[in-house]
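**Q** Dropping in target01.txt, with compact mmCIF, C-alpha atoms and all ligand atoms.
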```txt
# COMPACT_ATOMS: atom_id res chain seq x y z
CA MET A 1 92.99 33.46 -105.58
CA ASN A 2 89.34 33.16 -104.74
CA ASP A 3 88.67 29.62 -103.59
CA SER A 4 85.22 29.93 -102.10
CA PRO A 5 82.84 27.04 -102.90
CA ASN A 6 80.85 27.38 -106.11
CA ALA A 7 79.15 23.98 -106.29
CA LEU A 8 77.66 21.24 -104.16
CA CYS A 9 79.33 17.80 -104.21
CA PHE A 10 77.92 14.40 -103.26
CA GLY A 11 79.53 10.98 -102.91
CA SER A 12 81.07 8.65 -100.37
CA ASN A 13 83.11 10.31 -97.58
CA LEU A 14 80.86 13.35 -98.04
CA PRO A 15 77.82 14.33 -95.95
CA ALA A 16 74.50 12.95 -97.21
CA ALA A 17 73.22 16.51 -97.61
CA GLY A 18 76.20 17.34 -99.85
CA ALA A 19 79.41 19.28 -99.23
CA PRO A 20 80.20 22.76 -100.61
CA CYS A 21 83.05 22.28 -103.09
CA ARG A 22 84.96 24.35 -105.61
CA VAL A 23 84.99 23.42 -109.30
CA GLU A 24 87.65 24.93 -111.58
CA VAL A 25 87.31 24.48 -115.35
CA SER A 26 90.37 24.22 -117.61
CA SER A 27 90.98 22.96 -121.14
CA ALA A 28 92.01 19.61 -119.64
CA GLY A 29 88.84 19.11 -117.64
CA LEU A 30 87.71 19.83 -114.12
CA ARG A 31 89.57 20.19 -110.89
CA VAL A 32 87.35 19.70 -107.86
CA GLU A 33 88.39 20.80 -104.39
CA LEU A 34 86.53 18.95 -101.67
CA PRO A 35 86.59 19.81 -97.99
CA ASP A 36 89.21 17.77 -96.07
CA LEU A 37 89.98 15.60 -99.12
CA PRO A 38 92.68 15.82 -101.79
CA ALA A 39 91.62 17.75 -104.92
CA GLU A 40 90.37 15.57 -107.78
CA ALA A 41 91.28 16.14 -111.44
CA ILE A 42 88.78 14.76 -113.98
CA SER A 43 89.24 14.81 -117.75
CA PHE A 44 86.24 15.67 -119.93
CA THR A 45 86.20 12.08 -121.23
CA GLY A 46 85.73 10.76 -117.74
CA LEU A 47 82.54 12.61 -116.87
CA SER A 48 78.88 12.77 -117.82
CA VAL A 49 76.63 15.84 -117.80
CA THR A 50 72.88 16.23 -117.30
CA ALA A 51 70.50 18.94 -116.16
CA GLY A 52 69.25 18.61 -112.63
CA GLY A 53 68.42 20.25 -109.39
CA PHE A 54 65.00 20.88 -107.95
CA ASP A 55 64.21 23.35 -110.74
CA GLN A 56 66.25 21.63 -113.45
CA ASP A 57 68.42 24.73 -113.57
CA GLN A 58 71.75 23.20 -112.61
CA LEU A 59 74.43 21.28 -114.47
CA VAL A 60 74.96 17.89 -112.87
CA VAL A 61 78.40 16.43 -113.44
CA LYS A 62 79.13 12.79 -112.53
CA TRP A 63 82.48 11.04 -112.43
CA THR A 64 84.30 8.19 -110.72
CA HIS A 65 87.45 8.81 -108.73
CA GLY A 66 89.43 5.88 -107.30
CA GLY A 67 86.37 3.65 -107.59
CA VAL A 68 84.15 6.17 -105.77
CA GLU A 69 81.20 7.76 -107.60
CA ARG A 70 80.88 11.48 -107.24
CA THR A 71 78.36 14.08 -108.36
CA ALA A 72 78.69 17.89 -108.44
CA TYR A 73 75.77 20.28 -108.89
CA LEU A 74 76.90 23.43 -110.69
CA LYS A 75 74.66 26.45 -110.34
CA ASP A 76 77.12 29.33 -110.72
CA PRO A 77 76.50 30.80 -114.23
CA ALA A 78 80.24 31.66 -114.56
CA VAL A 79 81.23 28.03 -114.03
CA ILE A 80 78.53 26.77 -116.40
CA THR A 81 79.74 29.20 -119.09
CA ALA A 82 83.38 28.20 -118.55
CA PHE A 83 82.37 24.55 -118.81
CA ARG A 84 80.60 25.08 -122.14
CA GLN A 85 83.59 26.93 -123.55
CA ALA A 86 86.19 24.41 -122.45
CA ALA A 87 84.36 21.15 -123.17
CA PRO A 88 85.56 19.15 -126.25
CA PRO A 89 83.33 19.05 -129.39
CA ASP A 90 82.13 15.47 -128.86
CA LEU A 91 80.67 16.48 -125.51
CA MET A 92 79.18 19.65 -126.97
CA PRO A 93 75.93 18.50 -128.64
CA HIS A 94 74.82 16.82 -125.46
CA LEU A 95 76.06 19.69 -123.36
CA GLU A 96 74.30 22.28 -125.51
CA ARG A 97 71.05 20.39 -125.16
CA THR A 98 71.56 20.34 -121.43
CA ALA A 99 72.45 24.04 -121.33
CA ALA A 100 69.36 24.88 -123.40
CA HIS A 101 67.33 22.88 -120.93
CA VAL A 102 68.89 24.80 -118.06
CA ARG A 103 68.20 28.14 -119.77
CA ARG A 104 64.58 27.17 -120.45
CA ALA A 105 64.13 26.11 -116.84
CA ARG A 106 65.68 29.39 -115.69
CA SER A 107 63.53 31.67 -117.85
CA GLY A 108 60.40 29.68 -117.03
CA ARG A 109 61.22 30.03 -113.40
CA ARG A 110 61.93 33.74 -113.77
CA THR A 111 58.46 34.30 -115.23
CA LEU A 112 56.95 32.23 -112.47
CA LEU A 113 59.02 34.10 -109.90
CA ALA A 114 57.95 37.48 -111.30
CA VAL A 115 54.30 36.48 -111.06
CA ALA A 116 54.82 35.15 -107.53
CA VAL A 117 56.74 38.23 -106.41
CA GLY A 118 54.07 40.44 -108.00
CA SER A 119 51.32 38.64 -106.13
CA VAL A 120 53.18 38.80 -102.85
CA ILE A 121 53.84 42.51 -103.29
CA GLY A 122 50.20 43.10 -104.17
CA LEU A 123 49.09 41.25 -101.09
CA LEU A 124 51.56 43.08 -98.87
CA LEU A 125 50.43 46.39 -100.25
CA ILE A 126 46.81 45.59 -99.49
CA LEU A 127 47.70 44.51 -95.96
CA TRP A 128 50.20 47.21 -95.16
CA LEU A 129 49.41 50.07 -97.42
CA GLY A 130 50.70 53.18 -95.79
CA SER A 131 52.10 51.28 -92.86
CA ASP A 132 55.61 51.78 -91.53
CA ALA A 133 56.17 48.04 -91.43
CA LEU A 134 56.11 47.85 -95.23
CA VAL A 135 58.52 50.77 -95.52
CA ARG A 136 60.92 49.23 -93.02
CA MET A 137 60.76 45.86 -94.72
CA ALA A 138 61.50 47.42 -98.10
CA VAL A 139 64.38 49.38 -96.63
CA THR A 140 66.02 46.25 -95.23
CA HIS A 141 66.12 44.93 -98.80
CA ILE A 142 68.17 47.84 -100.10
CA PRO A 143 71.84 46.81 -100.47
CA VAL A 144 74.42 49.23 -99.02
CA GLU A 145 75.80 49.64 -102.53
CA TRP A 146 72.47 51.14 -103.71
CA GLU A 147 72.40 53.32 -100.67
CA ARG A 148 75.80 54.69 -101.59
CA SER A 149 74.66 55.43 -105.14
CA ILE A 150 71.71 57.39 -103.76
CA GLY A 151 73.85 59.29 -101.24
CA ASP A 152 76.61 59.96 -103.75
CA ALA A 153 74.17 61.36 -106.33
CA THR A 154 72.50 63.58 -103.75
CA ARG A 155 75.80 64.84 -102.39
CA GLY A 156 76.88 65.74 -105.94
CA GLN A 157 73.67 67.69 -106.50
CA PHE A 158 73.94 69.41 -103.17
CA LEU A 159 77.59 70.40 -103.42
CA ALA A 160 77.21 71.82 -106.93
CA GLY A 161 76.24 75.20 -105.51
CA GLN A 162 78.51 75.14 -102.46
CA GLN A 163 82.01 76.16 -101.52
CA VAL A 164 83.81 73.10 -100.18
CA VAL A 165 86.66 73.42 -97.70
CA LYS A 166 89.08 70.84 -99.09
CA GLU A 167 91.77 70.73 -96.37
CA GLY A 168 93.00 72.36 -93.21
CA PRO A 169 92.53 72.01 -89.46
CA ALA A 170 88.71 72.06 -89.59
CA VAL A 171 88.55 69.21 -92.12
CA ALA A 172 91.12 67.20 -90.13
CA ALA A 173 89.23 67.79 -86.87
CA VAL A 174 85.85 66.74 -88.27
CA GLN A 175 87.46 63.67 -89.83
CA GLU A 176 89.10 62.73 -86.53
CA ILE A 177 85.81 63.03 -84.66
CA THR A 178 83.96 60.99 -87.31
CA GLN A 179 86.68 58.34 -87.30
CA ARG A 180 86.57 58.00 -83.49
CA LEU A 181 82.82 57.46 -83.66
CA ALA A 182 82.84 55.16 -86.71
CA GLU A 183 85.36 52.82 -85.06
CA GLN A 184 82.85 52.13 -82.31
CA ILE A 185 79.95 51.19 -84.58
CA PRO A 186 79.64 47.39 -84.51
CA ASN A 187 79.64 45.64 -87.93
CA ASN A 188 79.72 49.02 -89.61
CA PRO A 189 79.13 48.56 -93.37
CA TYR A 190 79.68 52.28 -94.06
CA THR A 191 82.79 54.27 -94.89
CA PHE A 192 81.88 57.74 -93.69
CA GLU A 193 83.03 60.52 -96.00
CA VAL A 194 83.09 63.99 -94.53
CA THR A 195 82.67 67.20 -96.52
CA VAL A 196 83.06 70.59 -94.84
CA VAL A 197 81.10 73.36 -96.56
CA ARG A 198 81.91 77.04 -96.08
CA SER A 199 78.63 78.62 -95.01
CA ASP A 200 77.21 80.45 -92.00
CA VAL A 201 74.39 77.94 -91.84
CA VAL A 202 74.50 76.21 -88.45
CA ASN A 203 73.87 72.65 -89.59
CA ALA A 204 75.24 69.22 -90.31
CA PHE A 205 73.56 66.23 -91.90
CA ALA A 206 74.35 62.76 -93.18
CA LEU A 207 73.09 61.27 -96.42
CA PRO A 208 72.30 57.59 -97.05
CA GLY A 209 75.43 55.51 -97.53
CA GLY A 210 77.52 57.57 -95.08
CA TYR A 211 78.12 60.98 -96.70
CA VAL A 212 78.44 63.55 -93.95
CA ILE A 213 78.13 67.28 -94.63
CA VAL A 214 79.19 69.80 -91.97
CA PHE A 215 78.86 73.57 -92.36
CA THR A 216 81.54 75.90 -91.02
CA GLY A 217 78.72 77.84 -89.31
CA LEU A 218 78.19 74.90 -86.99
CA LEU A 219 81.91 74.62 -86.22
CA LYS A 220 82.04 78.33 -85.36
CA LYS A 221 79.08 78.04 -83.00
CA ALA A 222 80.34 74.97 -81.15
CA ASP A 223 82.16 75.72 -77.90
CA SER A 224 83.98 72.39 -77.89
CA PRO A 225 84.65 69.40 -80.15
CA ASP A 226 82.34 67.44 -77.85
CA GLU A 227 79.44 69.52 -79.10
CA VAL A 228 80.36 68.77 -82.72
CA ALA A 229 80.82 65.09 -81.83
CA GLY A 230 77.35 65.09 -80.27
CA VAL A 231 75.76 66.36 -83.48
CA LEU A 232 77.81 63.98 -85.65
CA SER A 233 77.02 60.97 -83.47
CA HIS A 234 73.33 61.73 -83.87
CA GLU A 235 73.69 62.15 -87.65
CA LEU A 236 75.79 58.98 -88.12
CA ASN A 237 73.09 57.03 -86.33
CA HIS A 238 70.46 58.33 -88.75
CA VAL A 239 72.61 56.64 -91.42
CA VAL A 240 73.22 53.41 -89.51
CA LEU A 241 69.51 53.15 -88.68
CA ARG A 242 68.73 53.88 -92.35
CA HIS A 243 66.32 56.66 -91.46
CA GLY A 244 67.05 58.57 -94.66
CA LEU A 245 66.13 55.53 -96.74
CA GLU A 246 62.91 55.14 -94.76
CA ARG A 247 61.98 58.74 -95.56
CA ILE A 248 62.81 58.25 -99.24
CA VAL A 249 60.76 55.09 -99.57
CA LYS A 250 57.90 56.68 -97.67
CA THR A 251 58.01 59.80 -99.81
CA LEU A 252 58.20 57.87 -103.08
CA GLY A 253 55.57 55.34 -101.99
CA ILE A 254 54.54 52.14 -103.72
CA VAL A 255 56.71 52.70 -106.80
CA ALA A 256 59.82 52.63 -104.63
CA VAL A 257 58.68 49.50 -102.80
CA VAL A 258 58.07 47.61 -106.05
CA THR A 259 61.37 48.87 -107.48
CA ILE A 260 63.22 47.50 -104.46
CA PHE A 261 61.51 44.11 -104.51
CA VAL A 262 62.19 43.50 -108.20
CA GLY A 263 65.83 44.41 -107.59
CA ASN A 264 65.97 47.45 -109.85
CA GLN A 265 68.90 49.47 -108.53
CA GLU A 266 68.99 52.04 -111.32
CA GLY A 267 65.26 52.56 -110.94
CA LEU A 268 65.49 53.33 -107.25
CA VAL A 269 68.54 55.56 -107.59
CA GLY A 270 66.76 57.41 -110.42
CA LEU A 271 63.65 57.89 -108.30
CA ALA A 272 65.71 59.12 -105.37
CA LYS A 273 67.52 61.55 -107.66
CA GLN A 274 64.19 63.15 -108.49
CA LEU A 275 63.89 64.05 -104.83
CA GLY A 276 67.28 65.71 -105.21
CA ILE A 277 68.23 68.30 -102.65
CA GLU A 278 65.07 67.65 -100.70
CA LEU A 279 66.73 64.45 -99.60
CA ALA A 280 69.37 66.41 -97.77
CA THR A 281 66.83 68.27 -95.72
CA LEU A 282 64.23 65.56 -95.20
CA LYS A 283 62.66 65.93 -91.82
CA PHE A 284 62.80 62.83 -89.70
CA GLY A 285 59.96 61.55 -87.59
CA ARG A 286 59.78 61.92 -83.83
CA GLU A 287 60.55 58.24 -83.30
CA GLN A 288 63.55 58.38 -85.61
CA GLU A 289 64.94 61.39 -83.74
CA MET A 290 64.62 59.58 -80.45
CA GLU A 291 66.37 56.51 -81.83
CA ALA A 292 69.23 58.59 -83.25
CA ASP A 293 69.50 60.51 -79.96
CA LEU A 294 69.74 57.47 -77.73
CA GLN A 295 71.94 55.43 -79.99
CA GLY A 296 74.07 58.54 -80.58
CA LEU A 297 74.52 58.98 -76.87
CA ARG A 298 75.69 55.39 -76.42
CA LEU A 299 78.06 55.75 -79.35
CA LEU A 300 79.66 58.85 -77.81
CA HIS A 301 80.14 56.93 -74.60
CA ARG A 302 81.78 53.97 -76.36
CA ALA A 303 84.09 56.39 -78.20
CA LYS A 304 85.04 57.89 -74.81
CA ILE A 305 83.75 61.34 -75.78
CA ALA A 306 81.90 63.48 -73.20
CA SER A 307 78.28 62.66 -73.91
CA ASP A 308 76.77 65.91 -72.64
CA GLY A 309 78.13 67.94 -75.58
CA MET A 310 75.11 67.30 -77.72
CA ILE A 311 72.60 68.26 -75.03
CA HIS A 312 74.49 71.47 -74.23
CA PHE A 313 74.80 72.45 -77.85
CA PHE A 314 71.14 72.06 -78.65
CA GLU A 315 70.08 73.79 -75.46
CA ARG A 316 72.44 76.69 -76.01
CA LEU A 317 71.31 77.12 -79.59
CA SER A 318 67.63 77.05 -78.81
CA GLU A 319 68.10 79.78 -76.23
CA SER A 320 70.21 82.12 -78.36
CA ASP A 321 68.98 82.25 -81.93
CA LYS A 322 66.15 79.86 -82.39
CA LEU A 323 65.03 80.96 -85.80
CA GLN A 324 68.34 81.25 -87.62
CA VAL A 325 69.54 77.77 -86.78
CA GLU A 326 68.74 75.18 -89.45
CA LEU A 327 69.82 72.31 -87.24
CA LEU A 328 66.94 73.13 -84.91
CA SER A 329 64.37 73.26 -87.67
CA THR A 330 65.20 69.69 -88.69
CA HIS A 331 65.89 68.56 -85.11
CA PRO A 332 63.65 70.56 -82.81
CA MET A 333 64.95 70.35 -79.25
CA SER A 334 61.83 70.10 -77.20
CA ALA A 335 62.02 70.13 -73.43
CA ALA A 336 60.90 66.51 -73.46
CA ARG A 337 63.72 65.55 -75.80
CA ALA A 338 66.32 67.28 -73.63
CA GLU A 339 64.96 65.64 -70.50
CA ARG A 340 65.02 62.20 -72.03
CA LEU A 341 68.59 62.70 -73.24
CA LYS A 342 69.71 63.81 -69.80
CA ALA A 343 68.00 60.86 -68.17
CA ALA A 344 69.63 58.44 -70.60
CA ALA A 345 73.04 60.06 -70.10
CA ALA A 346 72.68 59.66 -66.34
CA THR A 347 72.35 55.87 -66.70
CA LEU A 348 75.71 55.53 -68.50
CA PRO A 349 78.70 54.48 -66.37
CA LYS A 350 81.00 57.36 -65.47
CA GLN A 351 84.24 57.51 -67.43
CA GLU A 352 87.11 59.89 -68.14
CA PRO A 353 86.78 61.25 -71.72
CA VAL A 354 89.81 60.84 -73.99
CA PRO A 355 90.78 64.22 -75.48
CA PHE A 356 91.03 64.80 -79.24
CA GLY A 357 94.37 65.31 -80.98
CA PHE A 358 93.69 68.96 -81.89
CA GLU A 359 93.18 72.30 -80.14
CA TRP A 360 89.60 73.41 -80.68
CA LYS A 361 90.40 77.10 -80.44
CA ALA A 362 93.08 76.69 -83.16
CA VAL A 363 90.60 74.86 -85.39
CA GLN A 364 88.06 77.66 -84.99
CA ALA A 365 90.69 80.34 -85.57
CA GLY A 366 91.45 78.78 -88.95
CA LEU A 367 87.85 79.08 -90.16
ZN ZN A 401 68.08 63.92 -86.32
```
Could you render the structure from this file as structure tokens?
Ligand SMILES: [Zn+2]
**A**
Amino acid sequence: MNDSPNALCFGSNLPAAGAPCRVEVSSAGLRVELPDLPAEAISFTGLSVTAGGFDQDQLVVKWTHGGVERTAYLKDPAVITAFRQAAPPDLMPHLERTAAHVRRARSGRRTLLAVAVGSVIGLLLILWLGSDALVRMAVTHIPVEWERSIGDATRGQFLAGQQVVKEGPAVAAVQEITQRLAEQIPNNPYTFEVTVVRSDVVNAFALPGGYVIVFTGLLKKADSPDEVAGVLSHELNHVVLRHGLERIVKTLGIVAVVTIFVGNQEGLVGLAKQLGIELATLKFGREQEMEADLQGLRLLHRAKIASDGMIHFFERLSESDKLQVELLSTHPMSAARAERLKAAAATLPKQEPVPFGFEWKAVQAGL
């Protein structure tokens, strides 16, 4: 049973600022659960109802229990609806008037809110047009659930033309590496889903919401699972840092920002879908790469995985076949980047890496 508070109660023995309480509606009346007090049952005949609250958008229920006057402010639409359905007919005319009042207050406030939000957005746009601050602010307003819709849609589009490796040692190995890393991400709101694609392309990327795509070409090129872990740690941090969303909002511009601020999930997902496959190969900015590098390095360390794998892999690739490697075109390994990574790695405390539960050579042999 869900017994989280859905109303605010006032009365003696309760704080002056009100106490969060839970109101349950039944055909007999209300049952009110108050913090640290016995639950109170009130019949419909024993209570009065008015509209109230700062914006007149709440149902205010008053009753007396054991000689003590109490008031509950109901704002949850589900409770208000349940109340209207359960209340006896003689309470109805009054209640309907109150509910109409509440609805009027709500819609009036919505219009006002829309105008206010519009003005604020307009002002922000003037101040920050084209600035990264606006993009970042918009991105922080995107719920993870939207992010997943965007990532899921893009993954679907991308995989339509690909051959997916559904099971086997390679899939298990990539999942194990991802799991080891994900466990060390604090307050991680993402469930990372790994897809291995059969292709000679040497690449891996992560889509918004935590969808990770790894090509068998990358697994064949990697000399050790540490190298794969290095790439994945970097990619997972692009997700955690919401870099993909930043690119999307930046690419789509003002329309995306407004869509986010008015809370239009379908609108944003639709806009992102128009970007389609491009999303999967969006190039990140220099600053984003650095962030993903450094945070990726720390994540490897926390997961007790050798943190030099990533540096080695990129360096090896850039020496051998620069032009054929997609990973390098989206993540160019400049000398400066390698130096900074090495310097950061040197500051981490020494530790003995914990081996993975698979033989890398066997995984590669199965590809
Ligand atoms: Zn990157």
**Q** Would you compute the box with edges along x, y and z of the file around range 219-237 of chain A, including every atom the file lists for it and 3 Å extra on each side, and give its centre and edge lengths in Å to one decimal, as AutoDock Vina command-line options?
**A**
```
--center_x 78.9 --center_y 67.7 --center_z -83.0 --size_x 17.6 --size_y 27.3 --size_z 16.3
```
**Q** Looking at A:Thr195, A:Ser307, A:Gln364, A:Gln274, which one is nearest to Leu159 in chain A, with distances taken over all atoms listed in the file?
**A**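 Among A:Thr195, A:Ser307, A:Gln364, A:Gln274, it is A:Thr195 that comes nearest to Leu159 in chain A.
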**Q** Using only C-alpha atoms, which residues sit within 9 Å of Glu24 in chain A once same-chain residues fewer than 3 positions away are excluded, as a list of chain:residue names?
**A**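 Once the nearby chain positions are removed, what remains is A:Gly29, A:Leu30, A:Arg31, A:Val32, A:Glu33, A:Val79, A:Ala82, A:Phe83.
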**Q** Which polymer residues have any atom within 9 Å of an atom of range 144-147 of chain A, counting all atoms listed in the file, with same-chain residues fewer than 4 positions away left out, as a PyMOL selection string?
**A** chain A and resi 151-152+189-190+208-210+245+265-266+268-269
**Q** Tell me which of A:Glu352, A:Asp226, A:Glu193, A:Glu278 sits closest to Val212 in chain A, counting all atoms listed in the file.
**A**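 Smallest separation from Val212 in chain A among the options: A:Glu193.
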**Q** Excluding range 8-16 of chain A and its own-chain neighbours fewer than 5 positions away, which residues fall within 8 Å of it when counting all atoms listed in the file? Please give them as a VMD selection string.
**A** chain A and resid 21 34 68 to 74
**Q** Give me a file of those residues, with C-alpha atoms, as a PDB file, keeping the file's coordinate frame.
**A**
```pdb
ATOM      1  CA  CYS A  21      83.050  22.280-103.090  1.00  0.00           C
ATOM      2  CA  LEU A  34      86.530  18.950-101.670  1.00  0.00           C
ATOM      3  CA  VAL A  68      84.150   6.170-105.770  1.00  0.00           C
ATOM      4  CA  GLU A  69      81.200   7.760-107.600  1.00  0.00           C
ATOM      5  CA  ARG A  70      80.880  11.480-107.240  1.00  0.00           C
ATOM      6  CA  THR A  71      78.360  14.080-108.360  1.00  0.00           C
ATOM      7  CA  ALA A  72      78.690  17.890-108.440  1.00  0.00           C
ATOM      8  CA  TYR A  73      75.770  20.280-108.890  1.00  0.00           C
ATOM      9  CA  LEU A  74      76.900  23.430-110.690  1.00  0.00           C
TER      10      LEU A  74
END
```
**Q** Distance table requested - chain A against ligand ZN 401 (chain A), cut-off 8 Å, all atoms listed in the file: one row per qualifying residue with the closest atom pair and its distance in Å to one decimal, ordered by chain and rising residue number, as JSON lines.
**A**
```
{"residue": "A:His234", "atom": "CA", "partner": "A:ZN401", "partner_atom": "ZN", "distance": 6.2}
{"residue": "A:Glu235", "atom": "CA", "partner": "A:ZN401", "partner_atom": "ZN", "distance": 6.0}
{"residue": "A:His238", "atom": "CA", "partner": "A:ZN401", "partner_atom": "ZN", "distance": 6.5}
{"residue": "A:Lys283", "atom": "CA", "partner": "A:ZN401", "partner_atom": "ZN", "distance": 8.0}
{"residue": "A:Phe284", "atom": "CA", "partner": "A:ZN401", "partner_atom": "ZN", "distance": 6.4}
{"residue": "A:Gln288", "atom": "CA", "partner": "A:ZN401", "partner_atom": "ZN", "distance": 7.2}
{"residue": "A:Glu289", "atom": "CA", "partner": "A:ZN401", "partner_atom": "ZN", "distance": 4.8}
{"residue": "A:Ala292", "atom": "CA", "partner": "A:ZN401", "partner_atom": "ZN", "distance": 6.3}
{"residue": "A:Asp293", "atom": "CA", "partner": "A:ZN401", "partner_atom": "ZN", "distance": 7.4}
{"residue": "A:Thr330", "atom": "CA", "partner": "A:ZN401", "partner_atom": "ZN", "distance": 6.9}
{"residue": "A:His331", "atom": "CA", "partner": "A:ZN401", "partner_atom": "ZN", "distance": 5.3}
```
**Q** Counting only C-alpha atoms, what is within 7 Å of Val49 in chain A, bar same-chain residues fewer than 6 positions away, as a ChimeraX atom specification?
**A** /A:59-62,95
**Q** Counting all atoms listed in the file, find residues at most 8 Å from (80.2, 29.4, -101.7) (file frame) and give them as a PDB file with C-alpha atoms, in the frame of the given file.
**A**
```
ATOM      1  CA  SER A   4      85.220  29.930-102.100  1.00  0.00           C
ATOM      2  CA  PRO A   5      82.840  27.040-102.900  1.00  0.00           C
ATOM      3  CA  ASN A   6      80.850  27.380-106.110  1.00  0.00           C
ATOM      4  CA  ALA A   7      79.150  23.980-106.290  1.00  0.00           C
ATOM      5  CA  PRO A  20      80.200  22.760-100.610  1.00  0.00           C
ATOM      6  CA  CYS A  21      83.050  22.280-103.090  1.00  0.00           C
ATOM      7  CA  ARG A  22      84.960  24.350-105.610  1.00  0.00           C
TER       8      ARG A  22
END
```
**Q** In Å, with one decimal, what is the gap from CA of Met137 in chain A to CA of Gly276 in chain A?
**A** 23.4 Å
**Q** Find the residues near Asn188 in chain A: any atom within 12 Å, counting only C-alpha atoms, skip ones fewer than 6 places away on the same chain, and give them as a JSON list (two decimals) with C-alpha atoms, in the coordinates of the input.
**A**
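Wrote around_2.json, looks like this:
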```
[["chain", "number", "residue", "atom", "x", "y", "z"],
["A", 144, "VAL", "CA", 74.42, 49.23, -99.02],
["A", 179, "GLN", "CA", 86.68, 58.34, -87.30],
["A", 181, "LEU", "CA", 82.82, 57.46, -83.66],
["A", 182, "ALA", "CA", 82.84, 55.16, -86.71],
["A", 209, "GLY", "CA", 75.43, 55.51, -97.53],
["A", 210, "GLY", "CA", 77.52, 57.57, -95.08],
["A", 236, "LEU", "CA", 75.79, 58.98, -88.12],
["A", 237, "ASN", "CA", 73.09, 57.03, -86.33],
["A", 239, "VAL", "CA", 72.61, 56.64, -91.42],
["A", 240, "VAL", "CA", 73.22, 53.41, -89.51],
["A", 241, "LEU", "CA", 69.51, 53.15, -88.68]]
```
**Q** CA of Pro143 in chain A to CA of Val214 in chain A: how many Å, to one decimal?
**A**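 Atom-to-atom, CA of Pro143 in chain A to CA of Val214 in chain A, that is 25.6 Å.
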**Q** CA of Leu348 in chain A and CA of Leu219 in chain A, how far apart in Å?
**A**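 So the two atoms, CA of Leu219 in chain A and CA of Leu348 in chain A, lie 26.8 Å apart.
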**Q** Using all atoms listed in the file, which of A:Asn187, A:Gly52, A:Lys273, A:Gly46 sits nearest Thr154 in chain A?
**A**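 Comparing A:Asn187, A:Gly52, A:Lys273, A:Gly46 against Thr154 in chain A, the winner is A:Lys273.
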**Q** For range 233-246 of chain A of the structure just presented, write N, CA and C atoms to a file, as a PDB file, in the first residue's frame.
**A**
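Once everything was written out, this is part-v2.pdb:
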```
ATOM      1  N   SER A 233      33.639   3.234 -19.974  1.00  0.00           N
ATOM      2  CA  SER A 233      33.578   4.173 -18.854  1.00  0.00           C
ATOM      3  C   SER A 233      33.424   5.608 -19.374  1.00  0.00           C
ATOM      4  N   HIS A 234      34.167   5.903 -20.422  1.00  0.00           N
ATOM      5  CA  HIS A 234      34.073   7.219 -21.062  1.00  0.00           C
ATOM      6  C   HIS A 234      32.650   7.423 -21.602  1.00  0.00           C
ATOM      7  N   GLU A 235      32.122   6.434 -22.298  1.00  0.00           N
ATOM      8  CA  GLU A 235      30.793   6.558 -22.916  1.00  0.00           C
ATOM      9  C   GLU A 235      29.691   6.672 -21.851  1.00  0.00           C
ATOM     10  N   LEU A 236      29.774   5.863 -20.799  1.00  0.00           N
ATOM     11  CA  LEU A 236      28.757   5.929 -19.735  1.00  0.00           C
ATOM     12  C   LEU A 236      28.734   7.319 -19.112  1.00  0.00           C
ATOM     13  N   ASN A 237      29.920   7.918 -19.010  1.00  0.00           N
ATOM     14  CA  ASN A 237      29.952   9.254 -18.411  1.00  0.00           C
ATOM     15  C   ASN A 237      29.378  10.326 -19.331  1.00  0.00           C
ATOM     16  N   HIS A 238      29.429  10.101 -20.636  1.00  0.00           N
ATOM     17  CA  HIS A 238      28.706  11.022 -21.532  1.00  0.00           C
ATOM     18  C   HIS A 238      27.211  10.981 -21.195  1.00  0.00           C
ATOM     19  N   VAL A 239      26.712   9.783 -20.857  1.00  0.00           N
ATOM     20  CA  VAL A 239      25.291   9.644 -20.502  1.00  0.00           C
ATOM     21  C   VAL A 239      25.006  10.323 -19.166  1.00  0.00           C
ATOM     22  N   VAL A 240      25.801   9.961 -18.158  1.00  0.00           N
ATOM     23  CA  VAL A 240      25.578  10.492 -16.811  1.00  0.00           C
ATOM     24  C   VAL A 240      25.661  12.019 -16.809  1.00  0.00           C
ATOM     25  N   LEU A 241      26.586  12.562 -17.601  1.00  0.00           N
ATOM     26  CA  LEU A 241      26.761  14.017 -17.661  1.00  0.00           C
ATOM     27  C   LEU A 241      25.774  14.665 -18.635  1.00  0.00           C
ATOM     28  N   ARG A 242      24.938  13.841 -19.242  1.00  0.00           N
ATOM     29  CA  ARG A 242      23.876  14.280 -20.154  1.00  0.00           C
ATOM     30  C   ARG A 242      24.410  15.066 -21.358  1.00  0.00           C
ATOM     31  N   HIS A 243      25.565  14.665 -21.831  1.00  0.00           N
ATOM     32  CA  HIS A 243      26.178  15.370 -22.957  1.00  0.00           C
ATOM     33  C   HIS A 243      25.364  15.227 -24.230  1.00  0.00           C
ATOM     34  N   GLY A 244      24.790  14.027 -24.428  1.00  0.00           N
ATOM     35  CA  GLY A 244      23.987  13.798 -25.628  1.00  0.00           C
ATOM     36  C   GLY A 244      22.797  14.741 -25.653  1.00  0.00           C
ATOM     37  N   LEU A 245      22.152  14.900 -24.487  1.00  0.00           N
ATOM     38  CA  LEU A 245      20.999  15.798 -24.420  1.00  0.00           C
ATOM     39  C   LEU A 245      21.423  17.232 -24.713  1.00  0.00           C
ATOM     40  N   GLU A 246      22.594  17.614 -24.207  1.00  0.00           N
ATOM     41  CA  GLU A 246      23.085  18.974 -24.469  1.00  0.00           C
ATOM     42  C   GLU A 246      23.250  19.194 -25.971  1.00  0.00           C
TER      43      GLU A 246
END
```
